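Visitor: For reference, the structure I am asking about is given below.
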Number of protein chains: 2
Amino acid sequence: MTRTGRPRSQQADEAILEATRQALVDLGWGGLTMSDVAARAGVAKTTLYRRWANKNELVVDAVAALFDELRLPDRGSLRADIEGVVLQFGRLLERPETKTALMAVVAESTGDEALRCRIREAIVDRQKHLVIAGRRHAQDRGELPPDDGADPTAEIDLIFDVIAGAVVHRVLVSGESVDGAWAAALAALILGGLAGTVA
Amino acid sequence: MTRTGRPRSQQADEAILEATRQALVDLGWGGLTMSDVAARAGVAKTTLYRRWANKNELVVDAVAALFDELRLPDRGSLRADIEGVVLQFGRLLERPETKTALMAVVAESTGDEALRCRIREAIVDRQKHLVIAGRRHAQDRGELPPDDGADPTAEIDLIFDVIAGAVVHRVLVSGESVDGAWAAALAALILGGLAGTVA
DNA sequence: GAGTTACGCTACGACTCGTAGCGAAAGAGC
DNA sequence: GCTCTTTCGCTACGAGTCGTAGCGTAACTC
């Protein structure tokens, strides 16, 4: 089913997404306008609306592309894996375009189920896979017990919410940076609990 | 210095804040307009602008009032205190007006230092006090060692980011509710780490 | 070539923002 | 009572944005 007619410019797609990210840095979420993005991308405003229904979906796609770079290299221990993911996620979140956009689209998604699904697929699931992979590596190494038949979903979700939530909260709400010392402290807390860090 | 002239209507203030919260529930952040809030509150639009410079500050104040209800009753153990705070914060965050507004103003604050300060005073510090109080209670009970001269700020900040971040992430990003079981699991993780929950 | 689709451009109605100007209302001080 | 001061509701306004429609042209397939 080769489509007939003039094909959509792939180049325009990337120019628009890049222009969206740049506009977010310069203007923030509230200041971003479709006209401005179109002008930056060297594209007509109508071209934007032919591909994205509204501002929210455009920004989700523009930001989601940034999450492609998340990886989990096996660093040899569960502790090192956690620190690596925390640092990686922190660096990603400290970039101005990510910082501004992520919370805004999440906020907008609270009343928009379609947008929520789009975020889940494009961003959340991509992070959760890191937790699942890290857990499997740790089990292979014997650092964590293998699945005992119980459903591990709840545990995975908890770890995911704790790690991602802590990083997001540190960067966006507390407004401080995620450095090596903080990543180490968080990893220690997750592994050993308060007893482990304090004692 | 008693101010002369007609005093500002305190009643109007509360009507506006309540109308703002209700409008957030009905319309979401993007759909909320100053005209609509004014109409709901039975107030002229100009009256809004005489008290709040723009939409962001109005919403911050409207939402901040909800955080007044956060308390830390001494429940007898560190574990119970953590579970109580988590449940309390979770219930607050699951309310539609909080859910929608909190992330939006945080997102907007990434490019607005004044707004960031306002959020810190009105919302963040109010939560952090709970962590500080809980830590002191635990020290009084002997569950945690007393301060050994080292600055406990970093540890408090970490615990704060982990608890608040996890709850926020669970509710707003993962989109699931904070129930007793989850609160217990989170408390167990914080106290004993992965070793404690798994083994 | 013929047919189909995407493109840039312009214009448009509906809406929101934030401000200005007006007369009336509500208090404080004499 | 009266005056002064500030807030109030109302209307109107310019500027800006959204998302859409219509047009002629460009690009690609068969």
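Scheme for the structure tokens: letters A, B, ... for chains in order shown; per-chain residue numbers from 1; ligand numbers from 1 in order shown.
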Within 12 Å of chain A, which residues of chain C come that close, and what is the closest atom pair and distance in Å for each? Count only C-alpha atoms (C1' of nucleotides) and give it as CSV.

Guide:
residue,atom,partner,partner_atom,distance
C:DA2,C1',A:Gly5,CA,11.8
C:DG3,C1',A:Gly5,CA,8.2
C:DT4,C1',A:Gly5,CA,4.4
C:DT5,C1',A:Gly5,CA,4.1
C:DA6,C1',A:Arg6,CA,5.5
C:DC7,C1',A:Thr47,CA,7.6
C:DG8,C1',A:Ala44,CA,5.9
C:DC9,C1',A:Ala44,CA,7.9
C:DT10,C1',A:Ala44,CA,11.1

Visitor: C:DG13: which residues within 12 Å, counting only C-alpha atoms (C1' of nucleotides), same-chain residues fewer than 6 positions away excluded, as a ChimeraX atom specification?

Guide: /D:18-21

Visitor: Could those residues be written to a file, using C-alpha atoms (C1' of nucleotides), as a JSON list (two decimals), in the first residue's frame?

Guide:
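Output file part.json is given in full below:
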[["chain", "number", "residue", "atom", "x", "y", "z"],
["D", 18, "DC", "C1'", -6.27, 29.38, 18.40],
["D", 19, "DG", "C1'", -7.70, 26.37, 14.90],
["D", 20, "DT", "C1'", -9.92, 26.33, 10.24],
["D", 21, "DA", "C1'", -10.95, 27.28, 5.30]]

Visitor: Determine, for each residue of chain B having at least one atom at most 9 Å from an atom of chain A, the closest pair of atoms and their separation in Å to one decimal, counting only C-alpha atoms; order by chain and ascending number, as a Markdown table.

Guide:
| residue | atom | partner | partner_atom | distance |
| --- | --- | --- | --- | --- |
| B:Val25 | CA | A:Gly111 | CA | 8.8 |
| B:Leu27 | CA | A:Gly111 | CA | 8.2 |
| B:Gly28 | CA | A:Gly111 | CA | 6.4 |
| B:Trp29 | CA | A:Glu108 | CA | 6.7 |
| B:Gly30 | CA | A:Glu108 | CA | 7.0 |
| B:Pro96 | CA | A:Thr110 | CA | 8.3 |
| B:Lys99 | CA | A:Thr110 | CA | 7.1 |
| B:Thr100 | CA | A:Ala107 | CA | 5.4 |
| B:Ala101 | CA | A:Ala107 | CA | 7.0 |
| B:Leu102 | CA | A:Ala107 | CA | 7.6 |
| B:Met103 | CA | A:Ala107 | CA | 5.1 |
| B:Ala104 | CA | A:Ala107 | CA | 5.2 |
| B:Val105 | CA | A:Ala104 | CA | 8.3 |
| B:Val106 | CA | A:Val173 | CA | 6.7 |
| B:Ala107 | CA | A:Met103 | CA | 5.1 |
| B:Glu108 | CA | A:Trp29 | CA | 6.7 |
| B:Ser109 | CA | A:Thr100 | CA | 8.4 |
| B:Thr110 | CA | A:Thr100 | CA | 5.9 |
| B:Gly111 | CA | A:Gly28 | CA | 6.3 |
| B:Arg116 | CA | A:Val173 | CA | 8.5 |
| B:Ile119 | CA | A:Val173 | CA | 8.7 |
| B:Arg120 | CA | A:Ser174 | CA | 8.1 |
| B:Val124 | CA | A:Val173 | CA | 7.7 |
| B:Leu144 | CA | A:Val198 | CA | 7.6 |
| B:Pro145 | CA | A:Val198 | CA | 7.5 |
| B:Ala154 | CA | A:Trp182 | CA | 8.5 |
| B:Glu155 | CA | A:Ala185 | CA | 8.4 |
| B:Asp157 | CA | A:Arg170 | CA | 8.5 |
| B:Leu158 | CA | A:Leu186 | CA | 7.2 |
| B:Ile159 | CA | A:Leu189 | CA | 8.9 |
| B:Phe160 | CA | A:Ala166 | CA | 8.5 |
| B:Asp161 | CA | A:Ala166 | CA | 5.0 |
| B:Val162 | CA | A:Ala166 | CA | 4.5 |
| B:Ile163 | CA | A:Ala166 | CA | 7.5 |
| B:Ala164 | CA | A:His169 | CA | 7.3 |
| B:Gly165 | CA | A:Gly165 | CA | 4.1 |
| B:Ala166 | CA | A:Val162 | CA | 4.5 |
| B:Val167 | CA | A:Gly165 | CA | 7.5 |
| B:Val168 | CA | A:Gly165 | CA | 6.8 |
| B:His169 | CA | A:Gly165 | CA | 5.0 |
| B:Arg170 | CA | A:Asp161 | CA | 5.7 |
| B:Leu172 | CA | A:Val106 | CA | 7.1 |
| B:Val173 | CA | A:Val106 | CA | 6.7 |
| B:Ser174 | CA | A:Asp161 | CA | 7.7 |
| B:Gly175 | CA | A:Thr110 | CA | 8.6 |
| B:Trp182 | CA | A:Leu158 | CA | 7.9 |
| B:Ala185 | CA | A:Leu158 | CA | 7.8 |
| B:Leu186 | CA | A:Leu158 | CA | 7.2 |
| B:Ala188 | CA | A:Gly193 | CA | 8.2 |
| B:Leu189 | CA | A:Gly193 | CA | 6.2 |
| B:Ile190 | CA | A:Gly193 | CA | 4.9 |
| B:Leu191 | CA | A:Gly193 | CA | 4.6 |
| B:Gly192 | CA | A:Gly193 | CA | 4.1 |
| B:Gly193 | CA | A:Gly193 | CA | 3.7 |
| B:Leu194 | CA | A:Leu191 | CA | 4.9 |
| B:Ala195 | CA | A:Leu191 | CA | 6.4 |
| B:Gly196 | CA | A:Gly192 | CA | 7.6 |
| B:Thr197 | CA | A:Glu155 | CA | 8.9 |
| B:Val198 | CA | A:Pro145 | CA | 7.6 |
| B:Ala199 | CA | A:Pro145 | CA | 7.9 |

Visitor: Record the distance separating atom CA of B:Ala80 and atom CA of B:Ala184, expressed in Å with one decimal.

Guide: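 Taking atom CA of B:Ala80 and atom CA of B:Ala184, their separation equals 8.6 Å.
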
Visitor: Could you jot down the atom CA of B:Ala15 to atom CA of B:Ala64 separation for me, Å, one decimal place?

Guide: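 Answer for the atom CA of B:Ala15 to atom CA of B:Ala64 separation: 15.1 Å.
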
Visitor: Using only C-alpha atoms (C1' of nucleotides), which of D:DG24, D:DG9, D:DG14, D:DG1 sits nearest chain B?

Guide: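 With only C-alpha atoms (C1' of nucleotides) as the atom set, the closest residue is D:DG9.
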
Visitor: One decimal, Å: what's the distance from atom CA of B:Val178 over to atom CA of B:Gly90, could you say?

Guide: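 For atom CA of B:Val178 relative to atom CA of B:Gly90, the distance reads 5.4 Å.
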
Visitor: Using only C-alpha atoms (C1' of nucleotides), determine which residues of chain D fall within 8 Å of chain A; present them as a VMD selection string.

Guide: chain D and resid 17 27 to 29

Visitor: Using backbone DSSP assignments, extract all alpha helix (DSSP H) residues from stretch 78-177 of chain B; output them as a ChimeraX atom specification.

Guide: /B:78-94,96-109,113-119,125-141,153-168

Visitor: For D:DA12, work out the shell of residues within 12 Å, counting only C-alpha atoms (C1' of nucleotides) and skipping chain neighbours fewer than 6 positions away, then give it as a short mmCIF file (atom, residue, chain, number, x, y, z; two decimals) with N, CA, C and O atoms (P, O5', C5', C4', C3', O3' and C1' of nucleotides), in the first residue's frame.

Guide:
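The result, stored in selection03.cif:
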data_model
loop_
_atom_site.label_atom_id
_atom_site.label_comp_id
_atom_site.auth_asym_id
_atom_site.auth_seq_id
_atom_site.Cartn_x
_atom_site.Cartn_y
_atom_site.Cartn_z
P DT C 19 -2.25 44.38 33.51
"O5'" DT C 19 -3.09 45.46 32.69
"C5'" DT C 19 -2.62 45.89 31.42
"C4'" DT C 19 -3.41 47.07 30.93
"C3'" DT C 19 -3.65 48.18 31.97
"O3'" DT C 19 -3.33 49.44 31.40
"C1'" DT C 19 -5.72 47.48 31.03
P DA C 20 -3.35 50.76 32.34
"O5'" DA C 20 -4.69 51.47 31.84
"C5'" DA C 20 -4.91 51.65 30.44
"C4'" DA C 20 -6.23 52.39 30.22
"C3'" DA C 20 -6.51 53.49 31.24
"O3'" DA C 20 -6.94 54.68 30.59
"C1'" DA C 20 -8.31 51.94 31.19
P DG C 21 -7.10 56.04 31.46
"O5'" DG C 21 -8.68 56.24 31.52
"C5'" DG C 21 -9.46 56.02 30.35
"C4'" DG C 21 -10.94 56.01 30.72
"C3'" DG C 21 -11.33 57.01 31.82
"O3'" DG C 21 -12.47 57.75 31.42
"C1'" DG C 21 -12.07 54.83 32.39
P DC C 22 -12.88 59.06 32.27
"O5'" DC C 22 -14.19 58.56 33.03
"C5'" DC C 22 -15.35 58.23 32.28
"C4'" DC C 22 -16.29 57.38 33.10
"C3'" DC C 22 -16.75 58.00 34.41
"O3'" DC C 22 -17.97 58.70 34.20
"C1'" DC C 22 -16.31 55.63 34.59
#

Visitor: If you count only C-alpha atoms (C1' of nucleotides), which residues fall within 8 Å of B:Leu130, apart from same-chain ones fewer than 6 positions away, as a list in words?

Guide: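 Once the adjacent positions are removed, what remains is Arg71, Leu72 and Val85 of chain B.
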
Visitor: Could you list, as a VMD selection string, every residue within 8 Å of A:Arg135, counting only C-alpha atoms (C1' of nucleotides) and ignoring same-chain residues fewer than 4 positions away?

Guide: chain A and resid 78 131 139 144

Visitor: Taking only C-alpha atoms (C1' of nucleotides) into account, name the residue in B:Arg40, B:Arg21, B:Arg51, B:Arg75 that is nearest to D:DT7.

Guide: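 So, comparing all the options, the nearest one is B:Arg51.
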